[in-house]
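> Below is the file final-v2.txt, with compact mmCIF, C-alpha atoms and all ligand atoms.
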```
# COMPACT_ATOMS: atom_id res chain seq x y z
CA ALA A 1 15.58 84.34 33.86
CA LYS A 2 13.30 83.81 36.83
CA LYS A 3 9.65 83.24 35.97
CA GLN A 4 7.32 85.72 37.62
CA THR A 5 4.34 83.98 39.17
CA HIS A 6 1.09 85.88 39.72
CA ASP A 7 1.85 86.45 43.41
CA LYS A 8 5.39 87.61 42.75
CA GLN A 9 4.78 90.64 40.60
CA VAL A 10 7.73 92.73 39.57
CA PHE A 11 8.22 95.51 42.06
CA ASP A 12 10.80 98.21 41.54
CA PHE A 13 11.82 99.11 45.08
CA GLU A 14 14.42 101.69 44.07
CA GLU A 15 11.85 103.51 41.98
CA TYR A 16 9.39 103.33 44.90
CA MET A 17 11.95 104.78 47.34
CA ILE A 18 12.86 107.62 44.97
CA THR A 19 9.23 108.51 44.29
CA LYS A 20 8.24 108.47 47.97
CA ALA A 21 11.34 110.43 49.02
CA LYS A 22 10.49 113.14 46.47
CA THR A 23 6.92 113.49 47.76
CA VAL A 24 8.12 113.52 51.36
CA ASN A 25 10.83 116.11 50.63
CA LYS A 26 8.25 118.41 49.04
CA ALA A 27 5.93 118.02 52.05
CA LEU A 28 8.81 118.69 54.47
CA ASP A 29 9.82 121.79 52.50
CA ASP A 30 6.23 123.07 52.68
CA ALA A 31 5.94 122.25 56.40
CA ILE A 32 8.56 124.85 57.39
CA PRO A 33 8.42 128.09 55.43
CA VAL A 34 11.28 130.56 55.74
CA GLN A 35 9.77 133.15 58.05
CA GLU A 36 10.70 135.36 60.99
CA PRO A 37 12.73 134.68 63.05
CA ILE A 38 14.74 133.69 59.98
CA LYS A 39 17.65 132.15 61.89
CA ILE A 40 15.65 129.46 63.66
CA HIS A 41 13.60 128.50 60.62
CA GLU A 42 16.74 128.34 58.52
CA ALA A 43 18.43 126.09 61.09
CA MET A 44 15.38 123.80 61.19
CA ARG A 45 15.31 123.59 57.39
CA TYR A 46 19.08 123.13 57.12
CA SER A 47 19.02 119.82 59.00
CA LEU A 48 15.60 118.61 57.90
CA LEU A 49 16.26 119.12 54.19
CA ALA A 50 19.89 117.92 54.30
CA GLY A 51 18.97 114.71 52.52
CA GLY A 52 18.49 111.61 54.63
CA LYS A 53 17.23 108.36 53.15
CA ARG A 54 13.69 109.06 54.45
CA VAL A 55 13.27 105.45 55.55
CA ARG A 56 10.95 106.35 58.44
CA PRO A 57 8.44 108.41 56.39
CA MET A 58 8.49 105.70 53.71
CA LEU A 59 7.71 103.06 56.33
CA CYS A 60 4.88 105.21 57.69
CA ILE A 61 3.32 105.70 54.26
CA ALA A 62 3.83 102.07 53.20
CA ALA A 63 2.19 100.80 56.41
CA CYS A 64 -0.80 103.08 55.80
CA GLU A 65 -1.13 101.92 52.19
CA LEU A 66 -0.68 98.29 53.25
CA VAL A 67 -3.95 98.44 55.18
CA GLY A 68 -5.78 100.42 52.49
CA GLY A 69 -5.14 103.99 53.70
CA LYS A 70 -4.23 107.00 51.55
CA GLU A 71 -0.88 108.77 51.37
CA ASN A 72 -2.31 112.26 51.88
CA VAL A 73 -3.93 111.20 55.17
CA VAL A 74 -0.65 109.98 56.62
CA MET A 75 1.73 112.55 55.10
CA PRO A 76 1.73 115.00 58.07
CA THR A 77 2.61 112.10 60.37
CA ALA A 78 5.28 110.79 57.99
CA CYS A 79 6.81 114.30 58.06
CA ALA A 80 6.52 114.46 61.85
CA VAL A 81 8.50 111.22 62.21
CA GLU A 82 11.28 112.67 60.04
CA MET A 83 11.25 115.90 62.09
CA ILE A 84 11.67 113.85 65.27
CA HIS A 85 14.44 111.75 63.70
CA THR A 86 16.24 114.90 62.51
CA MET A 87 16.00 116.64 65.89
CA SER A 88 17.42 113.54 67.58
CA LEU A 89 20.38 113.67 65.18
CA ILE A 90 20.93 117.41 65.84
CA HIS A 91 21.00 116.81 69.60
CA ASP A 92 23.04 113.62 69.27
CA ASP A 93 25.73 115.54 67.38
CA LEU A 94 26.09 118.28 70.03
CA PRO A 95 29.40 118.64 71.90
CA CYS A 96 27.68 117.48 75.13
CA MET A 97 26.64 114.24 73.38
CA ASP A 98 28.65 112.67 70.53
CA ASN A 99 30.38 115.86 69.43
CA ASP A 100 30.25 115.26 65.69
CA ASP A 101 31.25 117.75 63.00
CA LEU A 102 29.54 116.08 60.06
CA ARG A 103 26.06 114.71 59.47
CA ARG A 104 24.49 113.61 56.19
CA GLY A 105 27.68 114.78 54.51
CA LYS A 106 27.37 118.36 55.75
CA PRO A 107 28.64 120.29 58.79
CA THR A 108 26.43 119.62 61.82
CA SER A 109 23.88 122.18 62.99
CA HIS A 110 25.98 123.49 65.89
CA LYS A 111 28.99 123.93 63.57
CA VAL A 112 26.94 126.15 61.29
CA TYR A 113 24.60 127.95 63.70
CA GLY A 114 26.24 127.54 67.11
CA GLU A 115 25.24 125.28 69.98
CA ASP A 116 22.54 127.57 71.31
CA THR A 117 20.66 127.68 68.01
CA ALA A 118 21.19 123.95 67.37
CA VAL A 119 19.52 123.13 70.70
CA LEU A 120 16.60 125.40 69.84
CA ALA A 121 16.29 124.05 66.29
CA GLY A 122 15.92 120.55 67.79
CA ASP A 123 13.35 121.76 70.31
CA ALA A 124 11.36 123.60 67.64
CA LEU A 125 11.35 120.55 65.32
CA LEU A 126 10.13 118.33 68.14
CA SER A 127 7.34 120.72 69.03
CA LEU A 128 6.35 121.25 65.42
CA SER A 129 6.19 117.50 64.80
CA PHE A 130 3.31 117.06 67.26
CA GLU A 131 1.58 120.26 66.17
CA HIS A 132 1.84 119.11 62.56
CA VAL A 133 0.13 115.76 63.21
CA ALA A 134 -2.62 117.35 65.27
CA ALA A 135 -3.25 120.34 63.00
CA ARG A 136 -2.67 118.95 59.51
CA THR A 137 -4.07 115.42 59.50
CA ILE A 138 -7.25 115.35 57.45
CA GLY A 139 -9.76 112.69 56.47
CA VAL A 140 -9.68 110.47 59.57
CA SER A 141 -11.39 110.69 62.97
CA SER A 142 -9.58 112.60 65.69
CA ASP A 143 -9.62 109.35 67.71
CA LEU A 144 -7.09 107.87 65.34
CA VAL A 145 -5.02 111.06 65.35
CA VAL A 146 -4.84 110.96 69.15
CA ARG A 147 -3.75 107.31 69.07
CA ALA A 148 -0.98 108.20 66.61
CA ILE A 149 0.18 111.07 68.84
CA VAL A 150 0.35 108.72 71.84
CA GLU A 151 2.56 106.33 69.85
CA LEU A 152 4.87 109.14 68.78
CA GLY A 153 5.16 110.62 72.27
CA ASN A 154 6.00 107.24 73.71
CA ALA A 155 8.65 106.60 71.06
CA VAL A 156 10.45 109.88 71.74
CA GLY A 157 10.44 110.19 75.51
CA SER A 158 11.91 108.45 78.54
CA GLU A 159 10.47 105.11 77.40
CA GLY A 160 11.85 105.55 73.89
CA LEU A 161 14.71 107.42 72.21
CA VAL A 162 15.65 109.33 75.35
CA ALA A 163 15.81 106.05 77.32
CA GLY A 164 18.08 104.53 74.68
CA GLN A 165 20.31 107.56 74.63
CA ILE A 166 20.78 107.78 78.40
CA VAL A 167 21.49 104.07 78.79
CA ASP A 168 23.92 104.32 75.87
CA MET A 169 25.68 107.30 77.49
CA ASP A 170 26.00 105.42 80.77
CA SER A 171 27.45 102.38 78.99
CA GLU A 172 30.28 104.28 77.35
CA GLY A 173 33.60 102.51 77.70
CA LYS A 174 31.99 99.43 79.23
CA LEU A 175 31.57 96.07 77.56
CA VAL A 176 27.87 95.34 77.99
CA ASP A 177 25.96 92.07 77.55
CA LEU A 178 23.58 91.11 74.77
CA ASN A 179 20.41 92.15 76.62
CA HIS A 180 21.87 95.52 77.39
CA LEU A 181 22.98 96.05 73.80
CA GLU A 182 19.54 95.07 72.53
CA TYR A 183 17.92 97.50 74.99
CA ILE A 184 19.98 100.38 73.59
CA HIS A 185 19.20 99.56 69.95
CA VAL A 186 15.53 98.85 70.53
CA HIS A 187 15.14 102.24 72.20
CA LYS A 188 17.52 104.44 70.20
CA THR A 189 16.57 103.07 66.80
CA ALA A 190 13.70 100.58 66.73
CA LYS A 191 11.20 102.62 68.78
CA LEU A 192 10.90 105.42 66.24
CA LEU A 193 10.71 103.00 63.32
CA GLU A 194 8.03 101.12 65.25
CA ALA A 195 6.07 104.35 65.80
CA ALA A 196 6.41 105.20 62.09
CA GLY A 197 4.90 101.88 61.03
CA VAL A 198 2.26 101.77 63.75
CA CYS A 199 1.09 105.35 63.14
CA GLY A 200 0.79 104.58 59.43
CA ALA A 201 -1.30 101.49 60.15
CA ILE A 202 -3.51 103.31 62.68
CA LEU A 203 -4.19 106.23 60.35
CA GLY A 204 -4.79 103.78 57.50
CA GLY A 205 -7.66 102.35 59.55
CA ALA A 206 -6.09 98.98 60.44
CA ASN A 207 -7.76 96.69 62.99
CA SER A 208 -5.79 96.04 66.16
CA ALA A 209 -4.41 92.67 65.03
CA ASP A 210 -2.97 94.29 61.89
CA VAL A 211 -1.58 97.23 63.89
CA GLU A 212 0.27 94.72 66.09
CA ARG A 213 1.58 92.84 63.03
CA VAL A 214 2.97 96.08 61.66
CA ARG A 215 4.40 96.84 65.11
CA ARG A 216 6.28 93.53 65.27
CA TYR A 217 7.47 93.91 61.67
CA SER A 218 8.76 97.45 62.34
CA ARG A 219 10.48 96.44 65.58
CA CYS A 220 12.26 93.63 63.73
CA ILE A 221 13.58 95.88 60.98
CA GLY A 222 14.60 98.48 63.58
CA LEU A 223 16.82 96.00 65.38
CA LEU A 224 17.94 94.54 62.06
CA PHE A 225 19.10 98.00 61.02
CA GLN A 226 21.52 98.13 63.96
CA VAL A 227 22.72 94.52 63.72
CA VAL A 228 23.58 95.09 60.05
CA ASP A 229 25.23 98.40 60.94
CA ASP A 230 27.45 96.56 63.44
CA ILE A 231 28.29 93.85 60.88
CA LEU A 232 29.15 96.43 58.22
CA ASP A 233 31.34 98.22 60.76
CA VAL A 234 33.46 95.10 61.14
CA THR A 235 33.53 94.04 57.50
CA LYS A 236 34.33 97.58 56.36
CA SER A 237 36.97 97.77 59.09
CA SER A 238 38.80 94.69 57.89
CA GLU A 239 38.61 95.86 54.26
CA GLU A 240 40.19 99.12 55.30
CA LEU A 241 42.90 97.54 57.44
CA GLY A 242 46.28 98.51 56.12
CA LYS A 243 44.92 101.95 55.22
CA THR A 244 43.34 103.03 58.48
CA ALA A 245 41.91 100.77 61.14
CA GLY A 246 38.09 100.81 61.01
CA LYS A 247 36.29 102.55 63.82
CA ASP A 248 34.91 99.39 65.39
CA LEU A 249 38.40 98.07 66.01
CA VAL A 250 39.73 101.22 67.60
CA THR A 251 36.82 102.02 69.93
CA ASP A 252 35.51 99.91 72.80
CA LYS A 253 31.92 100.20 71.59
CA THR A 254 30.02 96.96 72.11
CA THR A 255 28.64 95.45 68.91
CA TYR A 256 26.81 92.25 67.92
CA PRO A 257 29.83 90.73 66.13
CA LYS A 258 31.95 91.46 69.21
CA LEU A 259 29.53 89.70 71.54
CA MET A 260 28.48 86.75 69.38
CA GLY A 261 31.01 86.61 66.54
CA LEU A 262 30.48 87.64 62.94
CA GLU A 263 28.84 84.42 61.80
CA LYS A 264 26.23 84.37 64.59
CA ALA A 265 25.54 88.05 64.09
CA ARG A 266 24.78 87.32 60.42
CA LYS A 267 22.50 84.44 61.47
CA PHE A 268 20.71 86.75 63.89
CA ALA A 269 20.19 89.26 61.06
CA ASP A 270 18.77 86.50 58.85
CA GLN A 271 16.37 85.50 61.65
CA LEU A 272 15.18 89.08 62.01
CA VAL A 273 14.43 89.39 58.26
CA ALA A 274 12.59 86.08 58.34
CA GLN A 275 10.52 87.25 61.33
CA ALA A 276 9.74 90.55 59.64
CA LEU A 277 8.60 88.77 56.46
CA GLU A 278 6.53 86.32 58.53
CA GLU A 279 4.54 89.24 59.98
CA LEU A 280 3.83 90.42 56.43
CA SER A 281 2.66 87.02 55.25
CA TYR A 282 -0.82 87.77 56.61
CA PHE A 283 -1.26 90.57 54.07
CA ASP A 284 -1.80 90.63 50.33
CA PRO A 285 1.73 90.10 48.89
CA ALA A 286 1.29 92.83 46.28
CA LYS A 287 0.32 95.36 48.93
CA ALA A 288 3.10 94.17 51.24
CA ALA A 289 5.78 94.41 48.52
CA PRO A 290 7.18 97.81 49.61
CA LEU A 291 7.60 96.57 53.19
CA SER A 292 9.06 93.18 52.27
CA HIS A 293 11.55 94.88 49.98
CA LEU A 294 12.40 97.40 52.71
CA ALA A 295 13.25 94.56 55.12
CA LYS A 296 15.52 92.93 52.55
CA TYR A 297 17.09 96.26 51.62
CA ILE A 298 17.99 96.91 55.27
CA ALA A 299 19.33 93.38 55.69
CA TYR A 300 21.47 93.14 52.58
CA ARG A 301 22.67 96.71 52.05
CA GLN A 302 26.42 97.09 51.57
CA ASN A 303 26.92 100.36 53.45
C1 LIG B 1 14.43 112.63 70.97
C2 LIG B 1 13.89 114.43 72.70
C3 LIG B 1 14.89 113.62 71.99
C4 LIG B 1 16.20 113.80 72.28
C5 LIG B 1 17.29 113.16 71.59
C6 LIG B 1 20.06 112.33 71.14
C7 LIG B 1 18.90 111.47 71.42
C8 LIG B 1 17.85 111.98 72.33
C9 LIG B 1 18.75 110.25 70.86
C10 LIG B 1 19.72 109.70 69.90
C11 LIG B 1 19.00 109.00 68.84
C12 LIG B 1 19.91 108.51 67.76
C13 LIG B 1 20.99 109.39 67.23
C14 LIG B 1 19.68 107.29 67.25
C15 LIG B 1 20.40 106.70 66.12
C16 LIG B 1 19.41 106.59 65.01
C17 LIG B 1 19.94 106.13 63.68
C18 LIG B 1 19.93 104.69 63.38
C19 LIG B 1 20.35 107.04 62.77
C20 LIG B 1 20.71 106.77 61.40
O1 LIG B 1 19.50 106.71 60.67
P1 LIG B 1 19.45 106.71 59.08
O2 LIG B 1 20.50 105.80 58.53
O3 LIG B 1 19.89 108.22 58.76
O4 LIG B 1 18.04 106.48 58.66
P2 LIG B 1 19.43 109.20 57.58
O5 LIG B 1 20.46 110.31 57.60
O6 LIG B 1 19.41 108.45 56.29
O7 LIG B 1 18.06 109.70 57.95
```
Show how you would write the structure in this file as structure tokens.


Amino acid sequence: AKKQTHDKQVFDFEEYMITKAKTVNKALDDAIPVQEPIKIHEAMRYSLLAGGKRVRPMLCIAACELVGGKENVVMPTACAVEMIHTMSLIHDDLPCMDNDDLRRGKPTSHKVYGEDTAVLAGDALLSLSFEHVAARTIGVSSDLVVRAIVELGNAVGSEGLVAGQIVDMDSEGKLVDLNHLEYIHVHKTAKLLEAAGVCGAILGGANSADVERVRRYSRCIGLLFQVVDDILDVTKSSEELGKTAGKDLVTDKTTYPKLMGLEKARKFADQLVAQALEELSYFDPAKAAPLSHLAKYIAYRQN
């Protein structure tokens, strides 16, 4: 058995994820009561409480605790990030976008409530997310709250998720180059993860050097998330060959393995984990344990 040295304390990441997800789910449930008009609040709750992994809220809370902040201070913002993520999924699934029938193992919002209500549920979640941060954050100066709101707004809008989505839409059916692919992933995926981490650090009272370390860490794991997704697409595809061809082989979607080959894509993923861990090396290892485990979890997950 491996000897545990004093700076490598045992840390049960699975337990940590489960505990944090439970607290976040309770806070999300409380954030949107069932009230009139019932239909819209039900639709908002349907997608929000459908059971995602809650990686973004966990990152937000862990970043806050990394720099010595408290969970209750950052919880409204952690919830807001999940509301934004959920609304982006609702809109992404619409017939005018990806036209998906299933999300988080359940029928998509527009399948259950109709397109009109799904659009409104997304809009209402987006609006509530900002209200929630502004109205519910307690125990820190409003200066810090405003800085967090700026980060969130930037991550969502035409310099963030929306930018990624529109460039992705315009690239459909084209084979794009590496820079272009990275642009899409950085904006569609990494920006919101970055905002989650940065908001956590800001509300935790971090100095600007530490905020930037958390920013670079979060950006790395955001891109890593997509690179690994692309790799899993290919490896799962080849496993499934003979049954049904995997989706990466039958669509003309550009992926990292397609552009650089599987081996180089894996190397790129390894580099991103190493970079993410390097940013954490400035912090107390015990306090950084949730974030270092999160990076490794994203890198080495099997699906
Ligand atoms: C944000 C105003 C606004 C509009 C939406 C549709 C759109 C613009 C953006 C698309 C964003 C999108 C769908 C990005 C992909 C994000 C991603 C990696 C989703 C999967 O995340 P997981 O694995 O999912 O964390 P769970 O279900 O676990 O939360």

> As a list in words, please: every protein or nucleic acid residue near ligand LIG 1 (chain B) (cut-off 6 Å, counting all atoms listed in the file).

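With all atoms listed in the file and a cut-off of 6 Å, ligand LIG 1 (chain B) is contacted by Gly52, Lys53, Arg54, Val55, Ser88, Leu89, His91, Asp92, Arg104, Val156, Leu161, Val162, Gln165, Lys188 and Thr189 of chain A.
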
> Between A:Gly197, A:Val211, A:Pro37, A:Leu223, which has the minimum distance to A:Tyr183 (counting all atoms listed in the file)?

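Closest to A:Tyr183, using all atoms listed in the file: A:Leu223.
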
> Around (23.9, 93.0, 67.0) in the file's own coordinates, what residues are found within 6 Å if you use only C-alpha atoms, given back as a short mmCIF file (atom, residue, chain, number, x, y, z; two decimals) with C-alpha atoms, keeping the file's coordinate frame?


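The resulting file, result_23.cif, is shown below:
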```cif
data_model
loop_
_atom_site.label_atom_id
_atom_site.label_comp_id
_atom_site.auth_asym_id
_atom_site.auth_seq_id
_atom_site.Cartn_x
_atom_site.Cartn_y
_atom_site.Cartn_z
CA VAL A 227 22.72 94.52 63.72
CA THR A 255 28.64 95.45 68.91
CA TYR A 256 26.81 92.25 67.92
CA ALA A 265 25.54 88.05 64.09
#
```

> Using only C-alpha atoms, which residue out of A:Ala148, A:Ile84, A:Ala269, A:Leu120 lies closest to A:Gly160?

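Distance minimum relative to A:Gly160 lands on A:Ile84.
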
> Tell me which protein, DNA and RNA residues are within 9 Å of stretch 16-29 of chain A, counting all atoms listed in the file, leaving out same-chain ones fewer than 6 positions away, and put them as a list in words.

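Returned residues: Arg45, Leu48, Leu49, Gly51, Lys53, Arg54, Val55, Pro57, Met58, Ile61, Met75, Pro76, Ala78, Cys79, Ala80, Glu82, Met83 and Pro290 of chain A.
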
> So, counting all atoms listed in the file, which residue among A:Ser281, A:Ser292, A:Gln35, A:Ser158 is closest to A:Ala62?

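Once distances to A:Ala62 are computed over all atoms listed in the file, the minimum belongs to A:Ser292.
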
> Enumerate, in order of chain and increasing residue number, the residues of stretch 185-235 of chain A with an atom no farther than 9 Å from stretch 137-146 of chain A, each with its shortest atom pair and distance in Å to one decimal, counting all atoms listed in the file, as JSON lines.


```
{"residue": "A:Cys199", "atom": "CA", "partner": "A:Val145", "partner_atom": "CA", "distance": 8.6}
{"residue": "A:Ile202", "atom": "CA", "partner": "A:Leu144", "partner_atom": "CA", "distance": 6.4}
{"residue": "A:Leu203", "atom": "CA", "partner": "A:Leu144", "partner_atom": "CA", "distance": 6.0}
{"residue": "A:Gly204", "atom": "CA", "partner": "A:Val140", "partner_atom": "CA", "distance": 8.5}
{"residue": "A:Gly205", "atom": "CA", "partner": "A:Leu144", "partner_atom": "CA", "distance": 8.0}
```

> Need the neighbours of (22.2, 126.0, 71.3): which residues are at most 12 Å away, counting only C-alpha atoms, as a list in words?

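Returned residue set, sorted by chain then number, is Ile40, Ala43, Ile90, His91, Asp93, Leu94, Pro95, Cys96, Ser109, His110, Lys111, Val112, Tyr113, Gly114, Glu115, Asp116, Thr117, Ala118, Val119, Leu120, Ala121, Gly122, Asp123 and Ala124 of chain A.
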
> State, in Å with one decimal place, the distance from atom CA of A:Glu151 to atom CA of A:Ser208.

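Result for atom CA of A:Glu151 versus atom CA of A:Ser208: 13.8 Å, one decimal.
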
> What is the distance, in Å and to one decimal place, between atom CA of A:Thr254 and atom CA of A:Asp177?

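If I compute the distance from atom CA of A:Thr254 to atom CA of A:Asp177, I get 8.4 Å.
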
> Check the smallest atom-to-atom distance from each of A:Thr77, A:Gln275, A:Asn72, A:Asn207 to A:Leu128 using only C-alpha atoms, then report the winner.

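Counting only C-alpha atoms, the residue closest to A:Leu128 is A:Thr77.
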
> Between atom CA of A:His180 and atom CA of A:Leu259, what is the spacing in Å?

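About the pair atom CA of A:Leu259 and atom CA of A:His180: they are 11.3 Å apart.
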
> A:Gln271, A:Thr86, A:Asn179, A:Ser171: which is nearest A:Asp252, counting all atoms listed in the file?

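Between A:Gln271, A:Thr86, A:Asn179, A:Ser171, the residue approaching A:Asp252 most closely is A:Ser171.
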
> For A:Ala209, list every protein, DNA or RNA residue within 12 Å, evaluated using all atoms listed in the file, and leave out those in the same chain fewer than 5 positions away; present the list as a list in words.

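Close residues of A:Ala209: Val67, Val198, Ala201, Ile202, Val214, Arg215, Arg216, Glu279, Tyr282 and Phe283 of chain A.
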
> Residues of the last selection are to be written out with C-alpha atoms, as an mmCIF file, keeping the file's coordinate frame.


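Written out: out_22.cif:
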```cif
data_model
loop_
_atom_site.group_PDB
_atom_site.id
_atom_site.type_symbol
_atom_site.label_atom_id
_atom_site.label_comp_id
_atom_site.auth_asym_id
_atom_site.auth_seq_id
_atom_site.Cartn_x
_atom_site.Cartn_y
_atom_site.Cartn_z
ATOM 1 C CA VAL A 67 -3.950 98.440 55.180
ATOM 2 C CA VAL A 198 2.260 101.770 63.750
ATOM 3 C CA ALA A 201 -1.300 101.490 60.150
ATOM 4 C CA ILE A 202 -3.510 103.310 62.680
ATOM 5 C CA VAL A 214 2.970 96.080 61.660
ATOM 6 C CA ARG A 215 4.400 96.840 65.110
ATOM 7 C CA ARG A 216 6.280 93.530 65.270
ATOM 8 C CA GLU A 279 4.540 89.240 59.980
ATOM 9 C CA TYR A 282 -0.820 87.770 56.610
ATOM 10 C CA PHE A 283 -1.260 90.570 54.070
#
```

> Find the residue from A:Glu172, A:Ala288, A:Glu278, A:Gly200 that sits nearest to A:Val133; use all atoms listed in the file when measuring.

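Distance minimum relative to A:Val133 lands on A:Gly200.
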
> Export stretch 187-230 of chain A from the structure block above, keeping C-alpha atoms, as a tab-separated table (two decimals), in the first residue's frame.


```tsv
chain	number	residue	atom	x	y	z
A	187	HIS	CA	-16.41	29.86	-25.09
A	188	LYS	CA	-19.12	27.20	-24.96
A	189	THR	CA	-17.66	25.28	-22.03
A	190	ALA	CA	-14.61	26.82	-20.37
A	191	LYS	CA	-16.01	30.34	-19.89
A	192	LEU	CA	-18.74	29.29	-17.48
A	193	LEU	CA	-16.40	26.99	-15.56
A	194	GLU	CA	-13.94	29.88	-15.39
A	195	ALA	CA	-16.64	32.20	-14.03
A	196	ALA	CA	-17.65	29.55	-11.47
A	197	GLY	CA	-14.10	29.30	-10.12
A	198	VAL	CA	-13.35	33.02	-10.31
A	199	CYS	CA	-16.61	34.04	-8.60
A	200	GLY	CA	-15.88	31.56	-5.82
A	201	ALA	CA	-12.39	32.99	-5.34
A	202	ILE	CA	-13.62	36.60	-5.43
A	203	LEU	CA	-16.38	35.99	-2.89
A	204	GLY	CA	-13.93	34.01	-0.75
A	205	GLY	CA	-11.86	37.19	-0.48
A	206	ALA	CA	-8.90	36.12	-2.64
A	207	ASN	CA	-6.23	38.65	-3.66
A	208	SER	CA	-5.94	39.34	-7.37
A	209	ALA	CA	-2.99	36.99	-7.94
A	210	ASP	CA	-4.96	34.11	-6.42
A	211	VAL	CA	-8.08	35.02	-8.42
A	212	GLU	CA	-5.98	34.80	-11.60
A	213	ARG	CA	-4.51	31.44	-10.53
A	214	VAL	CA	-8.01	30.08	-10.04
A	215	ARG	CA	-8.98	31.58	-13.41
A	216	ARG	CA	-6.16	29.80	-15.23
A	217	TYR	CA	-6.88	26.54	-13.38
A	218	SER	CA	-10.59	26.72	-14.27
A	219	ARG	CA	-9.90	27.56	-17.91
A	220	CYS	CA	-7.59	24.54	-18.15
A	221	ILE	CA	-10.15	22.12	-16.75
A	222	GLY	CA	-12.84	23.64	-18.98
A	223	LEU	CA	-10.86	22.89	-22.12
A	224	LEU	CA	-9.77	19.56	-20.67
A	225	PHE	CA	-13.42	18.63	-20.23
A	226	GLN	CA	-13.99	18.98	-23.98
A	227	VAL	CA	-10.75	17.34	-25.10
A	228	VAL	CA	-11.57	14.31	-22.95
A	229	ASP	CA	-15.15	14.34	-24.27
A	230	ASP	CA	-13.77	14.17	-27.83
```
